[in-house]
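A.B. asks: Here it is: the structure, laid out below.
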Amino acid sequence: MKKTIIIYAHPNKKGFCGKILSQAIEQLKKQETDFDIIDLYEIGYDPIMANEEHYTSGGYNISEENKKFQEMITEAKNLIFIYPTWWQNMPAILKGFIDRVFTMRFAFTYESGRPVGLLKGRNAVVITTSGGPRVFSRFFAGDRAIKVLTKDTLRFCGFKTKGLAIGGAQGDLNDQKMNEIKNKVQKALHFLQ
């Protein structure tokens, strides 16, 4: 169980998120780490949960595609999420992926009314970007775009988590920003060891 999965949720690979992705790939290859990439936009992932998928509606029909993703996650030790912060949250496509893949009886259950994470022994790193200054998302918005995924979702499912953010992502990818990206990816991969 040494595999790493990168879950990428940005419609292109030219900007900051794309550079984070390419830096993660480069560093994982240097470490000779086995990894897969789930690029949600590239595969045209459907984020809409059907009624028959939702367990409280009496259904629990998981699509073959989502079963495959669950198998990949089961076999993985580490997850890396790369996405932009939009409206202090993750993109809708990633939220739909979480809703449809991290399901009850796969990612969590309840025992005596208490939640129990079923994906213990795994690590997850979230790396997100925002167009606004980092000081805004951290101090004024309270890092909601990170905490919703790291604390409210992944820790709930049993993961050990870390969140990293890069602000000012609407500007040029100058040397300073490229160094920041490289350093954030190094921190992320160090956490996953």
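Each chain of the structure tokens is named A, B, ... in the order shown, its residues numbered from 1; ligands are numbered from 1 in display order.
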Using only C-alpha atoms, which residues sit within 8 Å of Ile38 of chain A once same-chain residues fewer than 3 positions away are excluded, as a PyMOL selection string?
C.D. replies: chain A and resi 5-8+43
A.B. asks: Could you write those residues out with C-alpha atoms, as a PDB file, in the first residue's frame?
C.D. replies:
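This is the output file part03.pdb:
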```
ATOM      1  CA  ILE A   5      -3.102   9.073  -6.126  1.00  0.00           C
ATOM      2  CA  ILE A   6      -3.268  12.651  -7.366  1.00  0.00           C
ATOM      3  CA  ILE A   7      -6.808  13.976  -7.719  1.00  0.00           C
ATOM      4  CA  TYR A   8      -6.663  17.007  -9.998  1.00  0.00           C
ATOM      5  CA  ILE A  43     -12.128  12.402 -17.903  1.00  0.00           C
TER       6      ILE A  43
END
```
A.B. asks: Which residues of segment 12-93 of chain A come within 9 Å of segment 145-166 of chain A, and what is each one's closest atom pair and distance in Å (one decimal), counting only C-alpha atoms, sorted by chain and residue number, as a tab-separated table?
C.D. replies:
```
residue	atom	partner	partner_atom	distance
A:Phe16	CA	A:Ile166	CA	8.7
A:Pro84	CA	A:Ala145	CA	8.9
A:Thr85	CA	A:Ala145	CA	6.1
A:Trp86	CA	A:Ala145	CA	8.2
A:Trp87	CA	A:Ala145	CA	8.4
A:Gln88	CA	A:Ala145	CA	5.0
A:Asn89	CA	A:Ala145	CA	4.3
A:Met90	CA	A:Ala145	CA	6.0
```
A.B. asks: Would you save the residues of that selection, restricted to C-alpha atoms, as an mmCIF file, in the first residue's frame?
C.D. replies:
```
data_model
loop_
_atom_site.group_PDB
_atom_site.id
_atom_site.type_symbol
_atom_site.label_atom_id
_atom_site.label_comp_id
_atom_site.auth_asym_id
_atom_site.auth_seq_id
_atom_site.Cartn_x
_atom_site.Cartn_y
_atom_site.Cartn_z
ATOM 1 C CA PHE A 16 -0.720 27.585 -11.027
ATOM 2 C CA PRO A 84 -8.304 26.094 -7.128
ATOM 3 C CA THR A 85 -10.273 27.843 -4.417
ATOM 4 C CA TRP A 86 -13.441 29.271 -5.916
ATOM 5 C CA TRP A 87 -15.859 31.133 -3.633
ATOM 6 C CA GLN A 88 -13.937 29.855 -0.588
ATOM 7 C CA ASN A 89 -14.590 26.267 -1.580
ATOM 8 C CA MET A 90 -13.469 23.478 -3.873
#
```
A.B. asks: So, with only C-alpha atoms as the atoms that count, which of A:Ile62, A:Leu21, A:Ile48, A:Ala76 lies closest to Phe35 of chain A?
C.D. replies: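 Closest residue, counting only C-alpha atoms: A:Ala76.
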A.B. asks: Have a look at A:Ala9, A:Ala50, A:Met178, A:Ile37 and name the one nearest to Val126 of chain A; count only C-alpha atoms.
C.D. replies: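 Checking each candidate against Val126 of chain A, we get A:Ala9 as the closest.
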A.B. asks: Give the strand (DSSP E or B) residues of chain A, as assigned by DSSP on the backbone, as a JSON list (two decimals) with C-alpha atoms, in the first residue's frame.
C.D. replies:
```json
[["chain", "number", "residue", "atom", "x", "y", "z"],
["A", 3, "LYS", "CA", 0.76, 4.02, -4.06],
["A", 4, "THR", "CA", -0.07, 7.72, -4.28],
["A", 5, "ILE", "CA", -3.10, 9.07, -6.13],
["A", 6, "ILE", "CA", -3.27, 12.65, -7.37],
["A", 7, "ILE", "CA", -6.81, 13.98, -7.72],
["A", 8, "TYR", "CA", -6.66, 17.01, -10.00],
["A", 35, "PHE", "CA", 1.32, 7.00, -8.56],
["A", 36, "ASP", "CA", -1.85, 7.47, -10.58],
["A", 37, "ILE", "CA", -3.64, 10.65, -11.60],
["A", 38, "ILE", "CA", -7.40, 11.16, -11.61],
["A", 39, "ASP", "CA", -7.92, 14.31, -13.67],
["A", 76, "ALA", "CA", -3.37, 3.72, -1.97],
["A", 77, "LYS", "CA", -1.44, 4.97, 1.03],
["A", 78, "ASN", "CA", -1.51, 8.64, 0.04],
["A", 79, "LEU", "CA", -3.83, 11.06, -1.74],
["A", 80, "ILE", "CA", -2.87, 14.47, -3.12],
["A", 81, "PHE", "CA", -5.70, 16.86, -4.00],
["A", 82, "ILE", "CA", -4.85, 19.79, -6.28],
["A", 83, "TYR", "CA", -7.55, 22.37, -6.99],
["A", 84, "PRO", "CA", -8.30, 26.09, -7.13],
["A", 86, "TRP", "CA", -13.44, 29.27, -5.92],
["A", 89, "ASN", "CA", -14.59, 26.27, -1.58],
["A", 104, "MET", "CA", -21.01, 5.43, 3.63],
["A", 108, "PHE", "CA", -17.20, 5.90, 6.93],
["A", 109, "THR", "CA", -19.93, 4.27, 8.97],
["A", 110, "TYR", "CA", -21.74, 4.87, 12.23],
["A", 111, "GLU", "CA", -21.38, 2.66, 15.29],
["A", 114, "ARG", "CA", -20.81, 7.75, 16.37],
["A", 115, "PRO", "CA", -18.98, 8.22, 13.08],
["A", 116, "VAL", "CA", -16.14, 5.82, 12.34],
["A", 117, "GLY", "CA", -13.65, 6.49, 9.54],
["A", 123, "ASN", "CA", -2.57, 10.28, 4.43],
["A", 124, "ALA", "CA", -3.98, 13.10, 2.33],
["A", 125, "VAL", "CA", -2.54, 16.45, 1.32],
["A", 126, "VAL", "CA", -4.59, 19.27, -0.11],
["A", 127, "ILE", "CA", -2.83, 21.90, -2.21],
["A", 128, "THR", "CA", -5.07, 24.73, -3.32],
["A", 129, "THR", "CA", -4.59, 28.06, -5.04],
["A", 160, "LYS", "CA", -4.22, 12.00, 8.51],
["A", 161, "THR", "CA", -4.28, 15.33, 6.64],
["A", 162, "LYS", "CA", -2.34, 18.46, 5.78],
["A", 163, "GLY", "CA", -3.47, 21.53, 3.84],
["A", 164, "LEU", "CA", -1.28, 23.90, 1.86],
["A", 165, "ALA", "CA", -2.30, 27.03, -0.03],
["A", 166, "ILE", "CA", -0.81, 29.42, -2.54]]
```
A.B. asks: From a backbone DSSP assignment, name each residue in segment 27-126 of chain A labelled helix (DSSP H, G or I), as an MDAnalysis selection string.
C.D. replies: chainID A and resid 27:30 51:53 55:57 64:75 92:101
A.B. asks: Would you put the residues from that selection into a file with N, CA and C atoms, as a compact mmCIF listing (two decimals), in the first residue's frame?
C.D. replies:
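What landed in part.txt:
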```txt
# COMPACT_ATOMS: atom_id res chain seq x y z
N GLN A 27 8.54 15.34 -8.84
CA GLN A 27 9.12 14.92 -7.56
C GLN A 27 8.77 13.47 -7.22
N LEU A 28 7.56 13.03 -7.54
CA LEU A 28 7.19 11.63 -7.30
C LEU A 28 8.04 10.69 -8.15
N LYS A 29 8.30 11.07 -9.39
CA LYS A 29 9.17 10.25 -10.25
C LYS A 29 10.59 10.19 -9.70
N LYS A 30 11.11 11.31 -9.19
CA LYS A 30 12.45 11.31 -8.60
C LYS A 30 12.51 10.39 -7.39
N ASN A 51 -30.40 9.94 -7.47
CA ASN A 51 -31.18 9.53 -6.30
C ASN A 51 -30.88 8.10 -5.88
N GLU A 52 -30.72 7.21 -6.86
CA GLU A 52 -30.47 5.80 -6.52
C GLU A 52 -29.08 5.56 -5.92
N GLU A 53 -28.21 6.56 -5.99
CA GLU A 53 -26.89 6.45 -5.37
C GLU A 53 -26.91 6.85 -3.89
N TYR A 55 -27.64 6.93 -0.17
CA TYR A 55 -28.05 5.87 0.77
C TYR A 55 -29.26 6.25 1.61
N THR A 56 -29.47 7.53 1.92
CA THR A 56 -30.64 7.88 2.73
C THR A 56 -31.92 7.91 1.90
N SER A 57 -31.78 7.81 0.58
CA SER A 57 -32.95 7.74 -0.29
C SER A 57 -33.31 6.28 -0.59
N GLU A 64 -19.84 1.83 -11.84
CA GLU A 64 -18.60 1.08 -12.05
C GLU A 64 -17.40 2.02 -11.99
N GLU A 65 -17.54 3.22 -12.54
CA GLU A 65 -16.44 4.19 -12.50
C GLU A 65 -16.08 4.53 -11.06
N ASN A 66 -17.10 4.80 -10.22
CA ASN A 66 -16.82 5.16 -8.83
C ASN A 66 -16.33 3.98 -8.01
N LYS A 67 -16.77 2.76 -8.35
CA LYS A 67 -16.21 1.56 -7.70
C LYS A 67 -14.72 1.44 -8.01
N LYS A 68 -14.35 1.75 -9.25
CA LYS A 68 -12.94 1.72 -9.64
C LYS A 68 -12.14 2.72 -8.81
N PHE A 69 -12.70 3.93 -8.64
CA PHE A 69 -12.01 4.94 -7.83
C PHE A 69 -11.90 4.48 -6.37
N GLN A 70 -12.92 3.85 -5.86
CA GLN A 70 -12.87 3.33 -4.49
C GLN A 70 -11.78 2.27 -4.36
N GLU A 71 -11.66 1.41 -5.35
CA GLU A 71 -10.60 0.38 -5.34
C GLU A 71 -9.23 1.03 -5.36
N MET A 72 -9.07 2.06 -6.18
CA MET A 72 -7.79 2.77 -6.24
C MET A 72 -7.44 3.37 -4.89
N ILE A 73 -8.43 3.99 -4.24
CA ILE A 73 -8.20 4.61 -2.93
C ILE A 73 -7.89 3.55 -1.89
N THR A 74 -8.57 2.42 -1.95
CA THR A 74 -8.31 1.32 -1.01
C THR A 74 -6.87 0.83 -1.12
N GLU A 75 -6.34 0.79 -2.33
CA GLU A 75 -4.98 0.31 -2.57
C GLU A 75 -3.91 1.37 -2.32
N ALA A 92 -17.01 22.48 -7.95
CA ALA A 92 -18.16 21.58 -7.86
C ALA A 92 -17.83 20.16 -8.33
N ILE A 93 -16.97 20.04 -9.32
CA ILE A 93 -16.62 18.71 -9.83
C ILE A 93 -15.93 17.88 -8.75
N LEU A 94 -15.10 18.53 -7.94
CA LEU A 94 -14.42 17.81 -6.85
C LEU A 94 -15.40 17.48 -5.73
N LYS A 95 -16.30 18.39 -5.42
CA LYS A 95 -17.32 18.13 -4.39
C LYS A 95 -18.17 16.93 -4.81
N GLY A 96 -18.55 16.87 -6.08
CA GLY A 96 -19.32 15.74 -6.58
C GLY A 96 -18.55 14.43 -6.50
N PHE A 97 -17.25 14.49 -6.78
CA PHE A 97 -16.39 13.31 -6.65
C PHE A 97 -16.39 12.82 -5.21
N ILE A 98 -16.23 13.72 -4.28
CA ILE A 98 -16.25 13.37 -2.85
C ILE A 98 -17.59 12.73 -2.49
N ASP A 99 -18.69 13.38 -2.90
CA ASP A 99 -20.03 12.88 -2.57
C ASP A 99 -20.27 11.48 -3.12
N ARG A 100 -19.80 11.21 -4.34
CA ARG A 100 -20.12 9.96 -5.02
C ARG A 100 -19.12 8.84 -4.75
N VAL A 101 -17.89 9.17 -4.31
CA VAL A 101 -16.87 8.16 -4.10
C VAL A 101 -16.65 7.87 -2.61
```
A.B. asks: What gap, in Å, lies between atom CA of Pro91 of chain A and atom CA of Lys14 of chain A?
C.D. replies: 17.1 Å
